[in-house]
Amino acid sequence: MDVSVGSSTADNTAAAEGQAFVWQRKHLLGLRELSAEELNHIFDTAESFKEVSQRSVKKAPPLRGKVVVNLFFEDSTRTRSSFSLAASRLSADVLDFTVKASSVSKGETLLDTARNLEAMGIDIIVIRHSAGGAPYMLSQSIDACVVNAGDGYHEHPTQGLLDIFTIRELRGSLKGLKVAIVGDIAHSRVARSNIWGLTTLGAEVFLVGPPTLMPSAVNQLPVTVCHNFDEIVGEMDVLNMLRVQFERIGSPMFPSVREYSRLFGLTEERMTRAKKDVLVMHPGPINRGLEIESEVADGPNSTILRQVTNGLAVRMAVLFLVNQAAAME
Amino acid sequence: MTQLLIKNGRIIDPANNVDTVGDLLVSDGKIAAVGKSSAKVKPDQTIDAADKLIVPGLIDMHVHLREPGDEEVETVASGTQAAVAGGFTAVACMPNTDPAIDNEASVEFISRQAARADMAHVFPIGAITKGRQGQELAEMGQMVRAGAVGFSDDGDGVANAAVLLQALKYSSMFDRPIMEHCEDKTMSGGCMNSGHYASILGLPGINPLAEELMLYRDVQLTKQAKARLHAQHISTAGSARIVRTAKAEGVRVTAEVTPHHLLLTDADCQTYNSNFKMNPPLRRQEDIDALRLAIADGTIDCLVTDHAPHLRSQKELEFRNAPFGIISLDVALGLYVKALIDTNTIDWPRLIQMMTIAPAQILQVPKGTLSVGADADITVIDPKTEFTVCVDKFASKSRNCPYDGWQLHARAAYTIVNGKIKHSLH
């Protein structure tokens, strides 16, 4: 599945020379399997869609007559809204299908639900599920396009894409940039998607957090692990602060909110030691004063709202591309 | 007098140190003669076993027949049908049914169902604790009288060390093994082996120490109780070391291993196919290598399937939510051959020993030999002809098997129970 990874500049040149890249995936399940060429193609497409959002009539026709279903098994306001808006800006019909945390052993299974939806003639399923691999499983058993909107702590590819797109937009290239991902890496799908996408594009990834919140066998990932935020904060070009999951506070993984913010929170004080032009990112929604202080979240280095804006363009690009790949089949 | 003559095969009977080409005569359900048959014999039926192996009926001492409680998934009848299709003339069934097999009446029920099915012999394993709750000892003595041959809370280990110590002491008066599913649940809770693949797949991991810590604890308890422990489905290099050391110290411990822990690794979970989800989970290649070594040096005593049927609709759930367990009774023999003979780990006589007399001795049942006068439980193996595994042809009621489409080359040509042919390929 892996396509060889080339440098982004080389890819851009190739594209400029007219060797038109053709997107061939009808599912977007994760960033791990994407090549640099594919990632850049999504970003280039997203750039062109960003312009649509700035028009007075914010609509383009490519998905007219298509049906996009948001199949969400976990609560999510912003990702779902972002996908809904992205689909409607591309003129698709959107169906929101939220399944309340259902019992998994009784009643309809995920596959039953998906097959039922498919029988209604849908084209793209955007799925969020608490179990890693659920979108993969779906893609194996139905004909519609599947877009992963977050599965367990496996991947959240559109979040990874919008984070990287934002960095690319502000820095031009990812090559050689140092990006710290700070927080609960073990249980973060955002971290995983970022790790794959960033390293494929030549950035250097640092994972920062306590050992209890690192994934198992983390040494086998293409990253540098650091337990002392202050040791590396000065070298970083990007600080991506993950949201603290409240259900883990007080578990054996970390003792208290106070201790966590002291060691790993992005405080104003810590910011004084960061690079002047460091990008401060957060996938949202933020816990003000916990992983990030308000002054930093709202400060000049913060890209948090830009990420949200870019999320829309990236999701438009993804829906557009998977639909295009399905049409070629 | 009904006579069956099996002619001209390679007779392997490890219990009697036999490995020779010859004939085997069955008379009225018992083994009547082994070696060259006399010309005077006029059998009612003859099996030509040229190029085939004639071995004691295979025994699988770890299967789940799901009866009572989950008859939609498997029954004693369908499970023993799968057993004979796979060359097994006897199985030991685990008590994690609904309700649990934890009393005399349930044990007798299993034996009755087995008699009705009239396929393979079934040796019931009783629960160690009432309702498999890990608290009070089940009535082991009553169950032994009803035919239970060992005790296990399989599916769970006995978490409370003091309870297990009492169980070991108590069971020692019947010389029946305590068979432990070693898993410290405070350290497991995931759905696949913890490590690199769990990490990139975003699935919660099961720490190998969950198995090893309880196994080590159980060995120490067994030593103090002067009892007998059987370690079920060991899956890690660390577990193999613990058993090896225990045996060297003279602790009465035996161990079993499954085909999946010898053939598959956690890398196979990458398709999120729940037919690669079982407990203990698939480990790393290093663990497979260590388990093979432990088989070669005698640390591991016997081979089992841990045949664990589940409905397709259950296994179709997301990997994290699907139940643990896979089936392989129908094709286990070919899998062991692939894992152990094709890799030159052991030879045929040792493989047969691990599938016949070894489990018979652990369970103290008069099976697993071709001695004259023994019950005529015999498996005739075709060791060469290639075939493709097709789960839709399984006799089991379930289909949760990861080996569909695999090429294997050893299977039962005939399975004979009490002198009667219960399965034949032709």
# chains A, B, ... in the order shown; residues from 1 in each chain; ligands from 1
>>> closest_atom_pairs(of="chain B", to="chain A", cutoff="9 Å", atoms="only C-alpha atoms", output="Markdown table")
| residue | atom | partner | partner_atom | distance |
| --- | --- | --- | --- | --- |
| B:Ser194 | CA | A:Ser216 | CA | 6.3 |
| B:Gly195 | CA | A:Ala217 | CA | 5.0 |
| B:His196 | CA | A:Ala217 | CA | 5.0 |
| B:Tyr197 | CA | A:Ala217 | CA | 8.6 |
| B:Ala198 | CA | A:Ser216 | CA | 7.5 |
| B:Ser199 | CA | A:Pro215 | CA | 5.6 |
| B:Ile200 | CA | A:His154 | CA | 6.7 |
| B:Leu201 | CA | A:His154 | CA | 5.3 |
| B:Gly202 | CA | A:His154 | CA | 3.6 |
| B:Leu203 | CA | A:Gly132 | CA | 5.9 |
| B:Pro204 | CA | A:Tyr153 | CA | 8.7 |
| B:Gly205 | CA | A:Ser216 | CA | 8.0 |
| B:Gln270 | CA | A:Gly133 | CA | 8.9 |
| B:Thr271 | CA | A:Tyr136 | CA | 7.8 |
| B:Tyr272 | CA | A:Gly133 | CA | 5.8 |
| B:Asn273 | CA | A:Met137 | CA | 7.7 |
| B:Ser313 | CA | A:Thr109 | CA | 8.0 |
| B:Gln314 | CA | A:Ser105 | CA | 7.4 |
| B:Glu316 | CA | A:Leu111 | CA | 7.6 |
| B:Leu317 | CA | A:Thr109 | CA | 6.6 |
| B:Glu318 | CA | A:Ala134 | CA | 5.6 |
| B:Phe319 | CA | A:Gly133 | CA | 7.0 |
| B:Arg320 | CA | A:Ala131 | CA | 5.9 |
| B:Asn321 | CA | A:Val104 | CA | 7.0 |
| B:Ala322 | CA | A:Ser105 | CA | 8.5 |
>>> write_last_selection(atoms="N, CA and C atoms", output="compact mmCIF listing (two decimals), in the first residue's frame")
# COMPACT_ATOMS: atom_id res chain seq x y z
N SER B 194 -0.04 -5.96 23.74
CA SER B 194 0.46 -4.59 23.77
C SER B 194 1.82 -4.57 23.08
N GLY B 195 2.13 -3.46 22.46
CA GLY B 195 3.37 -3.37 21.71
C GLY B 195 3.17 -2.50 20.48
N HIS B 196 4.10 -2.62 19.56
CA HIS B 196 4.11 -1.75 18.39
C HIS B 196 2.79 -1.77 17.61
N TYR B 197 2.28 -2.97 17.35
CA TYR B 197 1.08 -3.04 16.50
C TYR B 197 -0.15 -2.49 17.21
N ALA B 198 -0.28 -2.78 18.52
CA ALA B 198 -1.40 -2.19 19.26
C ALA B 198 -1.30 -0.68 19.20
N SER B 199 -0.08 -0.22 19.28
CA SER B 199 0.18 1.22 19.27
C SER B 199 -0.27 1.86 17.96
N ILE B 200 0.15 1.29 16.84
CA ILE B 200 -0.20 1.95 15.58
C ILE B 200 -1.65 1.68 15.17
N LEU B 201 -2.22 0.58 15.65
CA LEU B 201 -3.62 0.31 15.31
C LEU B 201 -4.57 1.05 16.24
N GLY B 202 -4.02 1.64 17.29
CA GLY B 202 -4.87 2.37 18.23
C GLY B 202 -5.80 1.45 19.00
N LEU B 203 -5.32 0.26 19.31
CA LEU B 203 -6.16 -0.68 20.07
C LEU B 203 -5.53 -0.88 21.45
N PRO B 204 -6.38 -1.01 22.49
CA PRO B 204 -5.83 -1.20 23.83
C PRO B 204 -5.08 -2.53 23.94
N GLY B 205 -3.94 -2.51 24.58
CA GLY B 205 -3.08 -3.68 24.62
C GLY B 205 -3.28 -4.55 25.85
N GLN B 270 -3.52 -6.44 11.82
CA GLN B 270 -3.56 -5.19 11.06
C GLN B 270 -4.76 -5.02 10.16
N THR B 271 -5.45 -6.12 9.85
CA THR B 271 -6.66 -5.97 9.04
C THR B 271 -7.89 -5.77 9.93
N TYR B 272 -7.69 -5.66 11.22
CA TYR B 272 -8.80 -5.49 12.16
C TYR B 272 -9.82 -6.62 12.02
N ASN B 273 -9.37 -7.78 11.55
CA ASN B 273 -10.27 -8.92 11.42
C ASN B 273 -10.32 -9.63 12.77
N SER B 313 -22.20 -13.15 13.58
CA SER B 313 -22.67 -11.79 13.93
C SER B 313 -21.92 -11.22 15.11
N GLN B 314 -21.42 -12.08 16.00
CA GLN B 314 -20.62 -11.58 17.13
C GLN B 314 -19.23 -11.18 16.65
N GLU B 316 -18.44 -10.25 13.75
CA GLU B 316 -18.49 -9.14 12.80
C GLU B 316 -18.42 -7.78 13.49
N LEU B 317 -18.39 -7.79 14.81
CA LEU B 317 -18.29 -6.51 15.52
C LEU B 317 -16.90 -5.93 15.32
N GLU B 318 -16.76 -4.66 15.72
CA GLU B 318 -15.46 -4.00 15.67
C GLU B 318 -14.46 -4.83 16.48
N PHE B 319 -13.21 -4.81 16.08
CA PHE B 319 -12.18 -5.64 16.72
C PHE B 319 -12.23 -5.51 18.25
N ARG B 320 -12.33 -4.27 18.71
CA ARG B 320 -12.31 -4.06 20.16
C ARG B 320 -13.52 -4.70 20.83
N ASN B 321 -14.64 -4.70 20.14
CA ASN B 321 -15.89 -5.16 20.77
C ASN B 321 -16.21 -6.63 20.51
N ALA B 322 -15.55 -7.24 19.54
CA ALA B 322 -15.84 -8.64 19.22
C ALA B 322 -15.33 -9.54 20.34
>>> select_by_dssp(residues="range 107-148 of chain B", states="helix (DSSP H, G or I)", output="PDB file with C-alpha atoms, in the first residue's frame")
ATOM      1  CA  VAL B 107     -20.854 -32.954  34.362  1.00  0.00           C
ATOM      2  CA  GLU B 108     -23.259 -35.835  33.834  1.00  0.00           C
ATOM      3  CA  PHE B 109     -25.230 -33.750  31.364  1.00  0.00           C
ATOM      4  CA  ILE B 110     -22.127 -33.302  29.219  1.00  0.00           C
ATOM      5  CA  SER B 111     -21.389 -37.015  29.287  1.00  0.00           C
ATOM      6  CA  ARG B 112     -24.973 -37.773  28.341  1.00  0.00           C
ATOM      7  CA  GLN B 113     -24.909 -35.330  25.434  1.00  0.00           C
ATOM      8  CA  ALA B 114     -21.648 -36.899  24.275  1.00  0.00           C
ATOM      9  CA  ALA B 115     -23.148 -40.385  24.416  1.00  0.00           C
ATOM     10  CA  ARG B 116     -26.150 -39.193  22.406  1.00  0.00           C
ATOM     11  CA  ALA B 117     -23.929 -37.577  19.799  1.00  0.00           C
ATOM     12  CA  LYS B 130     -18.699 -22.135  42.074  1.00  0.00           C
ATOM     13  CA  GLY B 131     -20.078 -20.279  39.083  1.00  0.00           C
ATOM     14  CA  ARG B 132     -16.476 -19.559  38.081  1.00  0.00           C
ATOM     15  CA  MET B 140     -14.692 -31.180  42.991  1.00  0.00           C
ATOM     16  CA  GLY B 141     -15.165 -34.590  44.591  1.00  0.00           C
ATOM     17  CA  GLN B 142     -18.722 -34.911  43.362  1.00  0.00           C
ATOM     18  CA  MET B 143     -17.631 -33.843  39.891  1.00  0.00           C
ATOM     19  CA  VAL B 144     -14.776 -36.365  39.846  1.00  0.00           C
ATOM     20  CA  ARG B 145     -17.281 -39.093  40.704  1.00  0.00           C
ATOM     21  CA  ALA B 146     -19.432 -37.905  37.786  1.00  0.00           C
TER      22      ALA B 146
END
>>> closest_residue(among="A:Glu247, A:Glu118, A:Asp93, A:Glu293", to="Arg64 in chain A", atoms="only C-alpha atoms")
A:Asp93
>>> closest_residue(among="B:Glu256, B:Asp287, B:Glu72, B:Glu104", to="Met355 in chain B", atoms="only C-alpha atoms")
B:Glu256
>>> atom_distance(atom1="CA of Gly172 in chain A", atom2="CA of Ser53 in chain A")
21.5 Å
>>> residues_around(residues="Ser188 in chain B", least_positions_apart="3", cutoff="10 Å", atoms="only C-alpha atoms", output="list in words")
Glu183, Asp184, Lys185, Cys191, Met192, Asn193, Ser194, Pro204, Gly205, Ile206, Asn207, Pro208, Leu209, Ala210, Glu211, Asn279 and Pro280 of chain B
>>> write_last_selection(atoms="N, CA, C and O atoms", output="compact mmCIF listing (two decimals), in the first residue's frame")
# COMPACT_ATOMS: atom_id res chain seq x y z
N GLU B 183 -4.13 -15.12 33.75
CA GLU B 183 -4.34 -13.74 33.30
C GLU B 183 -4.68 -12.88 34.50
O GLU B 183 -5.73 -13.04 35.12
N ASP B 184 -3.79 -11.98 34.82
CA ASP B 184 -4.04 -11.01 35.87
C ASP B 184 -4.84 -9.87 35.23
O ASP B 184 -4.30 -9.07 34.47
N LYS B 185 -6.14 -9.85 35.52
CA LYS B 185 -7.02 -8.92 34.79
C LYS B 185 -6.73 -7.46 35.12
O LYS B 185 -7.16 -6.57 34.39
N CYS B 191 -7.40 -5.63 23.92
CA CYS B 191 -7.95 -6.60 22.97
C CYS B 191 -6.89 -7.24 22.08
O CYS B 191 -7.19 -8.10 21.28
N MET B 192 -5.63 -6.81 22.20
CA MET B 192 -4.55 -7.48 21.47
C MET B 192 -3.26 -7.29 22.27
O MET B 192 -3.23 -6.52 23.23
N ASN B 193 -2.22 -7.98 21.85
CA ASN B 193 -0.94 -7.87 22.55
C ASN B 193 -0.49 -6.41 22.60
O ASN B 193 -0.56 -5.70 21.58
N SER B 194 -0.04 -5.96 23.74
CA SER B 194 0.46 -4.59 23.77
C SER B 194 1.82 -4.57 23.08
O SER B 194 2.54 -5.55 23.08
N PRO B 204 -6.38 -1.01 22.49
CA PRO B 204 -5.83 -1.20 23.83
C PRO B 204 -5.08 -2.53 23.94
O PRO B 204 -5.54 -3.55 23.43
N GLY B 205 -3.94 -2.51 24.58
CA GLY B 205 -3.08 -3.68 24.62
C GLY B 205 -3.28 -4.55 25.85
O GLY B 205 -3.84 -4.12 26.86
N ILE B 206 -2.83 -5.80 25.72
CA ILE B 206 -2.80 -6.73 26.85
C ILE B 206 -1.32 -6.99 27.14
O ILE B 206 -0.60 -7.51 26.29
N ASN B 207 -0.90 -6.62 28.31
CA ASN B 207 0.50 -6.76 28.69
C ASN B 207 0.84 -8.25 28.85
O ASN B 207 0.13 -8.98 29.54
N PRO B 208 1.94 -8.72 28.22
CA PRO B 208 2.31 -10.13 28.40
C PRO B 208 2.52 -10.50 29.86
O PRO B 208 2.35 -11.65 30.25
N LEU B 209 2.86 -9.51 30.68
CA LEU B 209 3.04 -9.79 32.11
C LEU B 209 1.74 -10.24 32.77
O LEU B 209 1.76 -10.90 33.80
N ALA B 210 0.60 -9.89 32.19
CA ALA B 210 -0.68 -10.32 32.76
C ALA B 210 -0.70 -11.85 32.84
O ALA B 210 -1.19 -12.43 33.80
N GLU B 211 -0.15 -12.49 31.81
CA GLU B 211 -0.07 -13.96 31.80
C GLU B 211 1.06 -14.45 32.71
O GLU B 211 0.89 -15.35 33.53
N ASN B 279 -7.76 -14.80 23.35
CA ASN B 279 -7.14 -14.51 24.63
C ASN B 279 -6.53 -15.80 25.19
O ASN B 279 -7.26 -16.75 25.39
N PRO B 280 -5.22 -15.86 25.46
CA PRO B 280 -4.25 -14.79 25.27
C PRO B 280 -4.11 -14.38 23.80
O PRO B 280 -4.38 -15.19 22.91
>>> residues_around(residues="Arg243 in chain A", least_positions_apart="6", cutoff="8 Å", atoms="only C-alpha atoms", output="tab-separated table (two decimals) with N, CA and C atoms, in the first residue's frame")
chain	number	residue	atom	x	y	z
A	183	GLY	N	1.09	15.87	25.41
A	183	GLY	CA	-0.09	15.42	26.15
A	183	GLY	C	-0.24	13.92	26.19
A	184	ASP	N	-1.51	13.49	26.14
A	184	ASP	CA	-1.83	12.07	26.25
A	184	ASP	C	-1.71	11.44	24.86
A	282	HIS	N	-3.88	23.57	18.67
A	282	HIS	CA	-4.71	22.76	19.57
A	282	HIS	C	-5.88	22.24	18.75
A	283	PRO	N	-6.18	20.94	18.86
A	283	PRO	CA	-7.29	20.40	18.05
A	283	PRO	C	-8.66	20.82	18.57
A	284	GLY	N	-8.71	21.40	19.78
A	284	GLY	CA	-9.99	21.83	20.34
A	284	GLY	C	-10.86	20.66	20.72
A	285	PRO	N	-11.86	20.84	21.56
A	285	PRO	CA	-12.06	22.07	22.32
A	285	PRO	C	-11.04	22.19	23.45
A	286	ILE	N	-10.60	23.41	23.73
A	286	ILE	CA	-9.51	23.55	24.69
A	286	ILE	C	-10.02	23.57	26.12
A	287	ASN	N	-9.20	23.07	27.04
A	287	ASN	CA	-9.44	23.22	28.47
A	287	ASN	C	-8.58	24.40	28.91
A	291	GLU	N	-4.27	22.39	29.76
A	291	GLU	CA	-3.12	22.13	28.89
A	291	GLU	C	-2.59	23.42	28.27
>>> closest_residue(among="A:Arg80, A:Lys178, A:Lys276, A:His227", to="Asn240 in chain A", atoms="only C-alpha atoms")
A:Lys178
